[in-house]
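One structure is given below, encoded as structure tokens.
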Amino acid sequence: MNSDSIRQASAKEIEDWIVARIAEIVNMAPANVSADAPFDSFGIDSAKAISLMVELENWLNLPDELPLELLFEAEAIRDAAAGIAAAVADMAAAQAEG
Amino acid sequence: MMQDDVIEYGGSAAAIRHHYDVGNDFYSAWLDPTMTYSSAMWDGLPKDAPLEEAQKRKLAYHAESVGAAEGMRILDVGCGWGGMMRNLRSSYGVAECVGLTLSEEQLAYIQQLGDPGIGAVLSNWHDYRPDKPFDAIISVGAFEHFAHPQQSVDERRGVYREFFQACRDWTAGKGRLSLQTIAYGKMSPEDANPFISNEIFPAAELPTLEDIVVASKGLFRIERLRDDGLDYARTCEMWSNKLRGAVRSGVVDPAIHPVEKYSRYLRMSAAGFRMRKIGLLRIAFAAD
Ligand SMILES: C[S@@+](CC[C@H](N)C(=O)[O-])C[C@H]1O[C@@H](n2cnc3c(N)ncnc32)[C@H](O)[C@@H]1O
């Protein structure tokens, strides 16, 4: 993979990544973090939430920031991951074109 | 960080300079062309309307809130780079605008606009004494700076009340006031994030809606009130994206400007609005 190309992770991979990161932040086993729960149900403060987003963007090697609403406004982490995967695919398509 | 233990009445000048005198060039790289440094407004616009359009919508909202019209004299408390006053002059035929700011860079910026109908004064509202009354007052994104975290709730409300009293006096008891400010939502002052309270806005404390209601009671009637926190979330995210683009295109050099710090601050603020920890109040007041 070229150093500045986007990692085209699947929705499931992104979901697993977010679940694992939440588990670390709130000190729980990943198995106890339900992907059906909304992100804001874990009591994560805005500073930690932003760090999580930045780490996710770095892991995905994105040129642009992800809209926060994908994480905050989703009904469940699973939906957030699907929305993020779609946004990543769009960015990758734009990168391939431009 | 600032070592400033003296509480300045009505807002700290040193704290304002700490934040705003980072340089006009830095701000112009990521603010919209109107140089508005406060929440835009998407009400009535498509969800994906660009930032500049939503900033103009906001400027119009406040102008209309105070009934801006030809020949009027309007005060802008915390005028930033003067975008509101420019719009009042060009779109509403307002005769004279006076803007108060604590930032020397902003003052210089407004002075070089060269509009004789726009005056900027480097003054805290608390020390300001106009020579003639105004027809209306607008204050957007400044109220956040008026109180100090070391003040008690009563002291803070006292400062706000003085502000409302001053606005009433300066409009001879018959003017209108359009206020826009961030306020605490679900979050209480004790939960404020130390990064934002120390590094970005030292010596500033947000109001609660109750503070504003109590402090303005008997001085102004609240005519209209909106909480548009999601507008501010969107604004902050757009700024942050623009800042990133400016770094990528070489307009902003991260070696010179505090890019990392600002982008973290902007995104954290956006998260706070999205989580409803903080909100954005737009309040139309009438004195009569
Ligand atoms: C966030 S900026 C908003 C500027 C402008 N209203 C806008 O929307 O772009 C805050 C402004 O309030 C001013 N300010 C803060 N506290 C003040 C005070 N106590 N008296 C006068 N101006 C103040 C600052 O100098 C700055 O111009």
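Identifiers for the structure tokens are assigned positionally: chains receive A, B, ... in sequence, residues are indexed from 1 per chain, and ligands are indexed from 1 in the order shown.
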
For Ser46 (chain A), work out the shell of residues within 12 Å, counting only C-alpha atoms and skipping chain neighbours fewer than 6 positions away, then give it as a PyMOL selection string.
(chain A and resi 39-40+52-53+68+71-72) or (chain B and resi 187+191-196+264-278)

Could you go through chain A and tell me which residues DSSP, when run on the backbone, assigns to helix (DSSP H, G or I), listing them as a CSV table (one decimal) with C-alpha atoms, in the first residue's frame?
chain,number,residue,atom,x,y,z
A,11,ALA,CA,-17.8,-1.5,7.6
A,12,LYS,CA,-17.2,-4.6,9.8
A,13,GLU,CA,-13.4,-3.8,10.2
A,14,ILE,CA,-14.2,-0.3,11.1
A,15,GLU,CA,-16.9,-1.4,13.6
A,16,ASP,CA,-14.4,-3.8,15.2
A,17,TRP,CA,-11.8,-1.0,15.4
A,18,ILE,CA,-14.3,1.4,17.0
A,19,VAL,CA,-15.5,-1.2,19.5
A,20,ALA,CA,-11.9,-2.1,20.5
A,21,ARG,CA,-11.0,1.5,21.0
A,22,ILE,CA,-14.1,2.2,23.1
A,23,ALA,CA,-13.4,-0.9,25.2
A,24,GLU,CA,-9.9,0.5,25.9
A,25,ILE,CA,-11.2,4.0,26.8
A,26,VAL,CA,-13.9,2.8,29.2
A,30,PRO,CA,-14.5,-5.6,23.8
A,31,ALA,CA,-17.1,-8.4,24.0
A,32,ASN,CA,-19.0,-6.2,26.4
A,39,PHE,CA,-21.7,6.0,20.7
A,40,ASP,CA,-22.9,8.5,23.2
A,41,SER,CA,-24.1,5.8,25.6
A,42,PHE,CA,-20.6,5.1,26.8
A,46,SER,CA,-15.5,15.1,23.9
A,47,ALA,CA,-11.7,15.2,24.2
A,48,LYS,CA,-11.5,11.4,24.1
A,49,ALA,CA,-14.1,11.2,21.4
A,50,ILE,CA,-12.0,13.5,19.2
A,51,SER,CA,-8.9,11.6,19.9
A,52,LEU,CA,-10.7,8.4,18.8
A,53,MET,CA,-11.8,10.1,15.6
A,54,VAL,CA,-8.3,11.4,14.8
A,55,GLU,CA,-6.8,7.9,15.5
A,56,LEU,CA,-9.4,6.4,13.2
A,57,GLU,CA,-8.6,8.9,10.5
A,58,ASN,CA,-4.9,8.1,10.8
A,59,TRP,CA,-5.5,4.4,10.8
A,60,LEU,CA,-7.6,4.8,7.6
A,69,GLU,CA,-22.1,13.4,12.8
A,70,LEU,CA,-21.3,10.0,11.4
A,71,LEU,CA,-20.2,9.0,14.9
A,72,PHE,CA,-22.5,11.1,17.1
A,77,ILE,CA,-21.9,2.0,16.4
A,78,ARG,CA,-22.7,-0.5,13.6
A,79,ASP,CA,-24.5,2.3,11.7
A,80,ALA,CA,-21.7,4.7,12.4
A,81,ALA,CA,-19.2,2.2,11.0
A,82,ALA,CA,-21.3,1.7,7.8
A,83,GLY,CA,-21.6,5.5,7.3
A,84,ILE,CA,-17.8,5.9,7.9
A,85,ALA,CA,-17.1,3.1,5.4
A,86,ALA,CA,-19.2,4.8,2.8
A,87,ALA,CA,-17.5,8.2,3.4
A,88,VAL,CA,-14.1,6.4,3.1
A,89,ALA,CA,-15.1,4.9,-0.2
A,90,ASP,CA,-16.1,8.3,-1.5
A,91,MET,CA,-12.8,9.8,-0.4
A,92,ALA,CA,-10.9,6.9,-2.1
A,93,ALA,CA,-12.9,7.4,-5.3
A,94,ALA,CA,-12.1,11.2,-5.2
A,95,GLN,CA,-8.4,10.3,-4.6
A,96,ALA,CA,-8.4,7.9,-7.6
A,97,GLU,CA,-9.9,10.6,-9.9

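Selecting all polymer residues at most 6 Å from ligand 1, using only C-alpha atoms and all ligand atoms, gives B:Gly10, B:Gly11, B:Ile16, B:Thr36, B:Tyr37, B:Ser38, B:Val77, B:Gly78, B:Cys79, B:Gly80, B:Leu100, B:Thr101, B:Leu102, B:Ser103, B:Ser123, B:Asn124, B:Trp125, B:Val140, B:Gly141, B:Ala142, B:His145, B:Phe146.
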
Identify, with DSSP run on backbone atoms, the residues in region 20-208 of chain B assigned to strand (DSSP E), and express the list as a PyMOL selection string.
chain B and resi 73-77+96-101+118-122+136-140+176-184

Might you pull out every residue within 9 Å of Trp239 (chain B), with only C-alpha atoms counted and same-chain residues fewer than 5 positions away left off, and present them as a VMD selection string?
chain B and resid 30 to 32 51 234 244 263 266

Same residues, all heavy atoms, output as a PDB file, in the first residue's frame:
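In the end it all went to again.pdb:
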ATOM      1  N   TRP B  30      -8.784  30.223   7.403  1.00  0.00           N
ATOM      2  CA  TRP B  30      -9.807  29.187   7.634  1.00  0.00           C
ATOM      3  C   TRP B  30     -11.196  29.731   7.945  1.00  0.00           C
ATOM      4  O   TRP B  30     -12.170  28.987   7.928  1.00  0.00           O
ATOM      5  CB  TRP B  30      -9.349  28.179   8.696  1.00  0.00           C
ATOM      6  CG  TRP B  30      -8.866  28.766   9.992  1.00  0.00           C
ATOM      7  CD1 TRP B  30      -7.613  29.225  10.250  1.00  0.00           C
ATOM      8  CD2 TRP B  30      -9.625  28.930  11.199  1.00  0.00           C
ATOM      9  NE1 TRP B  30      -7.540  29.683  11.549  1.00  0.00           N
ATOM     10  CE2 TRP B  30      -8.762  29.510  12.161  1.00  0.00           C
ATOM     11  CE3 TRP B  30     -10.943  28.648  11.573  1.00  0.00           C
ATOM     12  CZ2 TRP B  30      -9.162  29.815  13.451  1.00  0.00           C
ATOM     13  CZ3 TRP B  30     -11.341  28.949  12.869  1.00  0.00           C
ATOM     14  CH2 TRP B  30     -10.458  29.531  13.792  1.00  0.00           C
ATOM     15  N   LEU B  31     -11.324  31.043   8.187  1.00  0.00           N
ATOM     16  CA  LEU B  31     -12.675  31.612   8.317  1.00  0.00           C
ATOM     17  C   LEU B  31     -13.224  31.850   6.904  1.00  0.00           C
ATOM     18  O   LEU B  31     -12.480  31.795   5.929  1.00  0.00           O
ATOM     19  CB  LEU B  31     -12.630  32.926   9.104  1.00  0.00           C
ATOM     20  CG  LEU B  31     -12.170  32.825  10.568  1.00  0.00           C
ATOM     21  CD1 LEU B  31     -12.138  34.213  11.201  1.00  0.00           C
ATOM     22  CD2 LEU B  31     -13.080  31.901  11.377  1.00  0.00           C
ATOM     23  N   ASP B  32     -14.500  32.153   6.803  1.00  0.00           N
ATOM     24  CA  ASP B  32     -15.076  32.449   5.492  1.00  0.00           C
ATOM     25  C   ASP B  32     -14.671  33.875   5.099  1.00  0.00           C
ATOM     26  O   ASP B  32     -14.115  34.610   5.920  1.00  0.00           O
ATOM     27  CB  ASP B  32     -16.609  32.293   5.561  1.00  0.00           C
ATOM     28  CG  ASP B  32     -17.235  33.441   6.303  1.00  0.00           C
ATOM     29  OD1 ASP B  32     -16.870  33.668   7.475  1.00  0.00           O
ATOM     30  OD2 ASP B  32     -18.072  34.147   5.716  1.00  0.00           O
ATOM     31  N   LEU B  51     -20.422  27.477   3.915  1.00  0.00           N
ATOM     32  CA  LEU B  51     -20.246  28.272   5.132  1.00  0.00           C
ATOM     33  C   LEU B  51     -20.504  29.766   4.904  1.00  0.00           C
ATOM     34  O   LEU B  51     -21.185  30.411   5.703  1.00  0.00           O
ATOM     35  CB  LEU B  51     -18.821  28.058   5.664  1.00  0.00           C
ATOM     36  CG  LEU B  51     -18.446  28.813   6.934  1.00  0.00           C
ATOM     37  CD1 LEU B  51     -19.350  28.412   8.090  1.00  0.00           C
ATOM     38  CD2 LEU B  51     -16.979  28.550   7.306  1.00  0.00           C
ATOM     39  N   ARG B 234     -21.542  22.312  13.075  1.00  0.00           N
ATOM     40  CA  ARG B 234     -21.224  22.285  11.652  1.00  0.00           C
ATOM     41  C   ARG B 234     -20.194  23.356  11.297  1.00  0.00           C
ATOM     42  O   ARG B 234     -19.255  23.124  10.539  1.00  0.00           O
ATOM     43  CB  ARG B 234     -22.503  22.509  10.850  1.00  0.00           C
ATOM     44  CG  ARG B 234     -22.379  21.998   9.453  1.00  0.00           C
ATOM     45  CD  ARG B 234     -23.655  22.146   8.668  1.00  0.00           C
ATOM     46  NE  ARG B 234     -24.785  21.444   9.242  1.00  0.00           N
ATOM     47  CZ  ARG B 234     -26.046  21.604   8.820  1.00  0.00           C
ATOM     48  NH1 ARG B 234     -26.314  22.437   7.834  1.00  0.00           N
ATOM     49  NH2 ARG B 234     -27.023  20.925   9.366  1.00  0.00           N
ATOM     50  N   ARG B 244      -7.289  22.492   7.687  1.00  0.00           N
ATOM     51  CA  ARG B 244      -6.504  21.374   7.182  1.00  0.00           C
ATOM     52  C   ARG B 244      -6.151  21.591   5.711  1.00  0.00           C
ATOM     53  O   ARG B 244      -5.016  21.357   5.285  1.00  0.00           O
ATOM     54  CB  ARG B 244      -7.297  20.075   7.344  1.00  0.00           C
ATOM     55  CG  ARG B 244      -6.548  18.866   6.835  1.00  0.00           C
ATOM     56  CD  ARG B 244      -7.398  17.636   6.945  1.00  0.00           C
ATOM     57  NE  ARG B 244      -7.343  17.076   8.274  1.00  0.00           N
ATOM     58  CZ  ARG B 244      -7.000  15.808   8.513  1.00  0.00           C
ATOM     59  NH1 ARG B 244      -6.719  14.997   7.542  1.00  0.00           N
ATOM     60  NH2 ARG B 244      -6.960  15.363   9.735  1.00  0.00           N
ATOM     61  N   SER B 263      -7.065  22.842  15.601  1.00  0.00           N
ATOM     62  CA  SER B 263      -7.946  21.847  15.001  1.00  0.00           C
ATOM     63  C   SER B 263      -8.523  20.953  16.098  1.00  0.00           C
ATOM     64  O   SER B 263      -9.680  20.555  16.035  1.00  0.00           O
ATOM     65  CB  SER B 263      -7.258  21.092  13.859  1.00  0.00           C
ATOM     66  OG  SER B 263      -6.583  20.000  14.341  1.00  0.00           O
ATOM     67  N   LEU B 266     -11.305  23.073  17.720  1.00  0.00           N
ATOM     68  CA  LEU B 266     -12.501  23.193  16.885  1.00  0.00           C
ATOM     69  C   LEU B 266     -13.303  21.893  16.883  1.00  0.00           C
ATOM     70  O   LEU B 266     -14.528  21.900  16.991  1.00  0.00           O
ATOM     71  CB  LEU B 266     -12.108  23.577  15.446  1.00  0.00           C
ATOM     72  CG  LEU B 266     -11.568  25.002  15.288  1.00  0.00           C
ATOM     73  CD1 LEU B 266     -11.007  25.215  13.883  1.00  0.00           C
ATOM     74  CD2 LEU B 266     -12.667  26.030  15.577  1.00  0.00           C
TER      75      LEU B 266
END

Find the spatial neighbours of Thr208 (chain B), counting only C-alpha atoms, within a cut-off of 9 Å - ignore same-chain residues fewer than 5 positions away - and output them as a ChimeraX atom specification.
/B:182-185,188,213

With N, CA, C and O atoms retained, could you export that selection as a PDB file, in the first residue's frame?
ATOM      1  N   ILE B 182     -22.586  31.181  23.194  1.00  0.00           N
ATOM      2  CA  ILE B 182     -22.540  29.778  23.601  1.00  0.00           C
ATOM      3  C   ILE B 182     -23.004  29.738  25.052  1.00  0.00           C
ATOM      4  O   ILE B 182     -22.764  30.677  25.808  1.00  0.00           O
ATOM      5  N   ALA B 183     -23.676  28.679  25.439  1.00  0.00           N
ATOM      6  CA  ALA B 183     -24.091  28.537  26.831  1.00  0.00           C
ATOM      7  C   ALA B 183     -23.928  27.084  27.255  1.00  0.00           C
ATOM      8  O   ALA B 183     -23.874  26.187  26.405  1.00  0.00           O
ATOM      9  N   TYR B 184     -23.832  26.884  28.548  1.00  0.00           N
ATOM     10  CA  TYR B 184     -23.808  25.508  29.040  1.00  0.00           C
ATOM     11  C   TYR B 184     -25.120  24.830  28.695  1.00  0.00           C
ATOM     12  O   TYR B 184     -26.184  25.434  28.776  1.00  0.00           O
ATOM     13  N   GLY B 185     -25.040  23.568  28.304  1.00  0.00           N
ATOM     14  CA  GLY B 185     -26.234  22.772  28.049  1.00  0.00           C
ATOM     15  C   GLY B 185     -26.321  21.706  29.124  1.00  0.00           C
ATOM     16  O   GLY B 185     -26.506  21.995  30.288  1.00  0.00           O
ATOM     17  N   SER B 188     -22.152  20.945  33.133  1.00  0.00           N
ATOM     18  CA  SER B 188     -22.094  22.019  34.124  1.00  0.00           C
ATOM     19  C   SER B 188     -20.676  22.589  34.140  1.00  0.00           C
ATOM     20  O   SER B 188     -19.745  21.956  33.676  1.00  0.00           O
ATOM     21  N   VAL B 213     -31.520  34.795  31.808  1.00  0.00           N
ATOM     22  CA  VAL B 213     -32.903  35.145  32.151  1.00  0.00           C
ATOM     23  C   VAL B 213     -32.923  36.000  33.422  1.00  0.00           C
ATOM     24  O   VAL B 213     -33.556  37.063  33.467  1.00  0.00           O
TER      25      VAL B 213
END

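Take the candidates A:Glu75, A:Ala37, A:Leu66, A:Ile6 and check each one against chain B using only C-alpha atoms; the shortest distance goes to A:Leu66.
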
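Here CA of Glu223 (chain B) and CA of Ala286 (chain B) stand 6.6 Å from one another.
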
So which residues touch Ala215 (chain B) within 12 Å, counting only C-alpha atoms, skipping near sequence neighbours fewer than 6 positions away, as an MDAnalysis selection string?
chainID B and resid 153:165 207:209 221:222
